[in-house]
Amino acid sequence: QVQLVESGGGLVQAGGSLRLSCAASGRAFNSYDMGWFRQAPGKEREFVAAVSWSGASTDVADSGKGRFTISRDNAKNTVYLQMNSLKPEDTAVYYCAARRAPGDFRGRRVSVNYDYWGQGTQVAVSS
């Protein structure tokens with residue numbers, strides 16, 4: 001079992017930055033790929049970014065390329081999402097997710113491939 005707790009959300013003006021954190025409890029954090037997803041009101045949950053179990057591989061959705069960075073610290077059982085140059089369309093609830101690393105990084109963008117989810121943290125970007 002893995003428990004995930006997100007933090008770092010809030011209200012920010014367009015162009016600002018936020019760093020989201022996801023603290024994991026449970027065993028073998030370094031055997032899980034980690035992902036960030038978001039869901040805006042009236043929209044489906046969408047992939048934001050993912051990092052492999054070792055941190056060696058990362059992936060960021062086109063909507064966040066050049067603005068968002070995902071990283072992890074396995075010693076602290078924590079994954080981060082640094083978000084810069086925020087836009088009003090980034091407004092959403094952001095969820096952290098974990099999946100047992102399948103041996104490759106495929107399927108990282110698909111939410112059903114993740115086994116554990118946090119409660120989410122709200123990000124609101126004003127124009």
# chains A, B, ... in the order shown; residues from 1 in each chain; ligands from 1
$ residues_around --residues "Pro41 in chain A" --least-positions-apart "6" --cutoff "12 Å" --atoms "only C-alpha atoms" --output "ChimeraX atom specification"
/A:89-94,122-124
$ residues_around --residues "range 95-101 of chain A" --least-positions-apart "2" --cutoff "8 Å" --atoms "only C-alpha atoms" --output "list in words"
Val2, Leu4, Val5, Glu6, Cys22, Ser31, Tyr32, Asp33, Met34, Gly35, Trp36, Phe37, Arg38, Ser52, Trp53, Val93, Gly103, Asp104, Phe105, Asn113, Tyr114, Asp115, Tyr116, Trp117, Gly118, Gln119, Gly120 and Thr121 of chain A
$ closest_residue --among "A:Asn84, A:Asn74, A:Ser127, A:Ser25" --to "Gln1 in chain A" --atoms "only C-alpha atoms"
A:Ser25
$ atom_distance --atom1 "CA of Met83 in chain A" --atom2 "CA of Gly9 in chain A"
10.5 Å
$ closest_residue --among "A:Gln39, A:Ala14, A:Val79, A:Ser85" --to "Lys65 in chain A" --atoms "only C-alpha atoms"
A:Ser85
$ closest_residue --among "A:Phe68, A:Ser54, A:Pro88, A:Ala75" --to "Leu18 in chain A" --atoms "only C-alpha atoms"
A:Phe68
$ decode --residues "range 53-102 of chain A" --atoms "N, CA and C atoms" --output "mmCIF file, in the first residue's frame"
data_model
loop_
_atom_site.group_PDB
_atom_site.id
_atom_site.type_symbol
_atom_site.label_atom_id
_atom_site.label_comp_id
_atom_site.auth_asym_id
_atom_site.auth_seq_id
_atom_site.Cartn_x
_atom_site.Cartn_y
_atom_site.Cartn_z
ATOM 1 N N TRP A 53 10.760 5.280 -11.878
ATOM 2 C CA TRP A 53 11.100 4.922 -10.508
ATOM 3 C C TRP A 53 12.471 5.446 -10.090
ATOM 4 N N SER A 54 13.404 5.469 -11.019
ATOM 5 C CA SER A 54 14.768 5.895 -10.693
ATOM 6 C C SER A 54 14.965 7.396 -10.865
ATOM 7 N N GLY A 55 14.016 8.033 -11.552
ATOM 8 C CA GLY A 55 14.190 9.447 -11.875
ATOM 9 C C GLY A 55 14.922 9.670 -13.183
ATOM 10 N N ALA A 56 15.360 8.599 -13.805
ATOM 11 C CA ALA A 56 16.161 8.736 -15.024
ATOM 12 C C ALA A 56 15.335 9.180 -16.217
ATOM 13 N N SER A 57 14.045 8.840 -16.207
ATOM 14 C CA SER A 57 13.176 9.190 -17.337
ATOM 15 C C SER A 57 12.043 10.076 -16.862
ATOM 16 N N THR A 58 11.755 11.092 -17.635
ATOM 17 C CA THR A 58 10.623 11.973 -17.348
ATOM 18 C C THR A 58 9.837 12.221 -18.627
ATOM 19 N N ASP A 59 8.615 12.613 -18.436
ATOM 20 C CA ASP A 59 7.738 12.921 -19.564
ATOM 21 C C ASP A 59 6.806 14.039 -19.121
ATOM 22 N N VAL A 60 6.614 15.022 -19.983
ATOM 23 C CA VAL A 60 5.724 16.141 -19.681
ATOM 24 C C VAL A 60 4.769 16.317 -20.856
ATOM 25 N N ALA A 61 3.513 16.488 -20.557
ATOM 26 C CA ALA A 61 2.528 16.713 -21.608
ATOM 27 C C ALA A 61 2.861 17.976 -22.386
ATOM 28 N N ASP A 62 2.409 18.026 -23.626
ATOM 29 C CA ASP A 62 2.691 19.187 -24.477
ATOM 30 C C ASP A 62 2.229 20.491 -23.835
ATOM 31 N N SER A 63 1.128 20.431 -23.095
ATOM 32 C CA SER A 63 0.591 21.634 -22.473
ATOM 33 C C SER A 63 1.548 22.238 -21.448
ATOM 34 N N GLY A 64 2.458 21.417 -20.940
ATOM 35 C CA GLY A 64 3.375 21.906 -19.921
ATOM 36 C C GLY A 64 4.834 21.961 -20.348
ATOM 37 N N LYS A 65 5.112 21.540 -21.558
ATOM 38 C CA LYS A 65 6.502 21.512 -22.017
ATOM 39 C C LYS A 65 7.110 22.911 -21.982
ATOM 40 N N GLY A 66 8.309 22.964 -21.428
ATOM 41 C CA GLY A 66 9.005 24.232 -21.310
ATOM 42 C C GLY A 66 8.600 25.037 -20.095
ATOM 43 N N ARG A 67 7.531 24.607 -19.408
ATOM 44 C CA ARG A 67 7.053 25.325 -18.219
ATOM 45 C C ARG A 67 7.058 24.451 -16.970
ATOM 46 N N PHE A 68 6.763 23.163 -17.124
ATOM 47 C CA PHE A 68 6.654 22.257 -15.987
ATOM 48 C C PHE A 68 7.850 21.316 -15.945
ATOM 49 N N THR A 69 8.281 21.016 -14.719
ATOM 50 C CA THR A 69 9.365 20.057 -14.520
ATOM 51 C C THR A 69 8.960 19.098 -13.409
ATOM 52 N N ILE A 70 9.109 17.824 -13.668
ATOM 53 C CA ILE A 70 8.839 16.822 -12.645
ATOM 54 C C ILE A 70 10.161 16.252 -12.147
ATOM 55 N N SER A 71 10.215 15.990 -10.857
ATOM 56 C CA SER A 71 11.418 15.400 -10.282
ATOM 57 C C SER A 71 11.014 14.602 -9.051
ATOM 58 N N ARG A 72 11.941 13.817 -8.545
ATOM 59 C CA ARG A 72 11.667 13.030 -7.355
ATOM 60 C C ARG A 72 12.913 12.939 -6.508
ATOM 61 N N ASP A 73 12.685 12.743 -5.213
ATOM 62 C CA ASP A 73 13.758 12.519 -4.254
ATOM 63 C C ASP A 73 13.410 11.230 -3.518
ATOM 64 N N ASN A 74 14.024 10.152 -3.914
ATOM 65 C CA ASN A 74 13.677 8.864 -3.319
ATOM 66 C C ASN A 74 14.097 8.767 -1.851
ATOM 67 N N ALA A 75 15.068 9.537 -1.473
ATOM 68 C CA ALA A 75 15.475 9.538 -0.068
ATOM 69 C C ALA A 75 14.403 10.172 0.811
ATOM 70 N N LYS A 76 13.608 11.061 0.216
ATOM 71 C CA LYS A 76 12.550 11.753 0.961
ATOM 72 C C LYS A 76 11.166 11.218 0.619
ATOM 73 N N ASN A 77 11.091 10.209 -0.236
ATOM 74 C CA ASN A 77 9.795 9.651 -0.658
ATOM 75 C C ASN A 77 8.870 10.740 -1.192
ATOM 76 N N THR A 78 9.409 11.614 -1.997
ATOM 77 C CA THR A 78 8.645 12.769 -2.460
ATOM 78 C C THR A 78 8.865 12.984 -3.956
ATOM 79 N N VAL A 79 7.785 13.366 -4.621
ATOM 80 C CA VAL A 79 7.861 13.768 -6.021
ATOM 81 C C VAL A 79 7.375 15.208 -6.116
ATOM 82 N N TYR A 80 7.966 15.953 -7.030
ATOM 83 C CA TYR A 80 7.684 17.380 -7.163
ATOM 84 C C TYR A 80 7.207 17.701 -8.578
ATOM 85 N N LEU A 81 6.413 18.746 -8.656
ATOM 86 C CA LEU A 81 6.050 19.309 -9.949
ATOM 87 C C LEU A 81 6.271 20.813 -9.858
ATOM 88 N N GLN A 82 7.313 21.272 -10.515
ATOM 89 C CA GLN A 82 7.597 22.707 -10.580
ATOM 90 C C GLN A 82 6.861 23.292 -11.773
ATOM 91 N N MET A 83 6.021 24.270 -11.520
ATOM 92 C CA MET A 83 5.212 24.870 -12.576
ATOM 93 C C MET A 83 5.542 26.347 -12.677
ATOM 94 N N ASN A 84 6.049 26.740 -13.811
ATOM 95 C CA ASN A 84 6.402 28.139 -14.077
ATOM 96 C C ASN A 84 5.516 28.702 -15.180
ATOM 97 N N SER A 85 5.514 30.008 -15.291
ATOM 98 C CA SER A 85 4.744 30.697 -16.338
ATOM 99 C C SER A 85 3.314 30.178 -16.394
ATOM 100 N N LEU A 86 2.682 30.117 -15.256
ATOM 101 C CA LEU A 86 1.342 29.546 -15.172
ATOM 102 C C LEU A 86 0.331 30.379 -15.948
ATOM 103 N N LYS A 87 -0.651 29.663 -16.499
ATOM 104 C CA LYS A 87 -1.699 30.272 -17.295
ATOM 105 C C LYS A 87 -3.049 29.973 -16.656
ATOM 106 N N PRO A 88 -4.062 30.790 -16.931
ATOM 107 C CA PRO A 88 -5.394 30.495 -16.376
ATOM 108 C C PRO A 88 -5.884 29.099 -16.744
ATOM 109 N N GLU A 89 -5.507 28.608 -17.909
ATOM 110 C CA GLU A 89 -5.950 27.265 -18.310
ATOM 111 C C GLU A 89 -5.268 26.145 -17.535
ATOM 112 N N ASP A 90 -4.300 26.472 -16.704
ATOM 113 C CA ASP A 90 -3.694 25.478 -15.812
ATOM 114 C C ASP A 90 -4.529 25.261 -14.555
ATOM 115 N N THR A 91 -5.557 26.054 -14.376
ATOM 116 C CA THR A 91 -6.425 25.914 -13.212
ATOM 117 C C THR A 91 -7.085 24.546 -13.193
ATOM 118 N N ALA A 92 -6.908 23.826 -12.102
ATOM 119 C CA ALA A 92 -7.428 22.459 -11.985
ATOM 120 C C ALA A 92 -7.080 21.918 -10.606
ATOM 121 N N VAL A 93 -7.649 20.780 -10.306
ATOM 122 C CA VAL A 93 -7.174 19.991 -9.163
ATOM 123 C C VAL A 93 -6.069 19.076 -9.682
ATOM 124 N N TYR A 94 -4.930 19.103 -9.013
ATOM 125 C CA TYR A 94 -3.783 18.306 -9.427
ATOM 126 C C TYR A 94 -3.656 17.094 -8.515
ATOM 127 N N TYR A 95 -3.521 15.939 -9.148
ATOM 128 C CA TYR A 95 -3.436 14.677 -8.428
ATOM 129 C C TYR A 95 -2.081 14.012 -8.662
ATOM 130 N N CYS A 96 -1.573 13.464 -7.599
ATOM 131 C CA CYS A 96 -0.368 12.654 -7.652
ATOM 132 C C CYS A 96 -0.800 11.189 -7.741
ATOM 133 N N ALA A 97 -0.048 10.395 -8.493
ATOM 134 C CA ALA A 97 -0.394 8.988 -8.648
ATOM 135 C C ALA A 97 0.875 8.139 -8.696
ATOM 136 N N ALA A 98 0.717 6.886 -8.290
ATOM 137 C CA ALA A 98 1.844 5.958 -8.268
ATOM 138 C C ALA A 98 1.455 4.648 -8.935
ATOM 139 N N ARG A 99 2.403 4.058 -9.637
ATOM 140 C CA ARG A 99 2.161 2.734 -10.197
ATOM 141 C C ARG A 99 3.426 1.904 -10.035
ATOM 142 N N ARG A 100 3.243 0.649 -9.812
ATOM 143 C CA ARG A 100 4.397 -0.247 -9.737
ATOM 144 C C ARG A 100 5.098 -0.205 -11.086
ATOM 145 N N ALA A 101 6.390 0.074 -11.042
ATOM 146 C CA ALA A 101 7.140 0.228 -12.290
ATOM 147 C C ALA A 101 7.068 -1.064 -13.088
ATOM 148 N N PRO A 102 6.555 -1.013 -14.311
ATOM 149 C CA PRO A 102 6.354 -2.225 -15.102
ATOM 150 C C PRO A 102 7.602 -2.702 -15.820
#
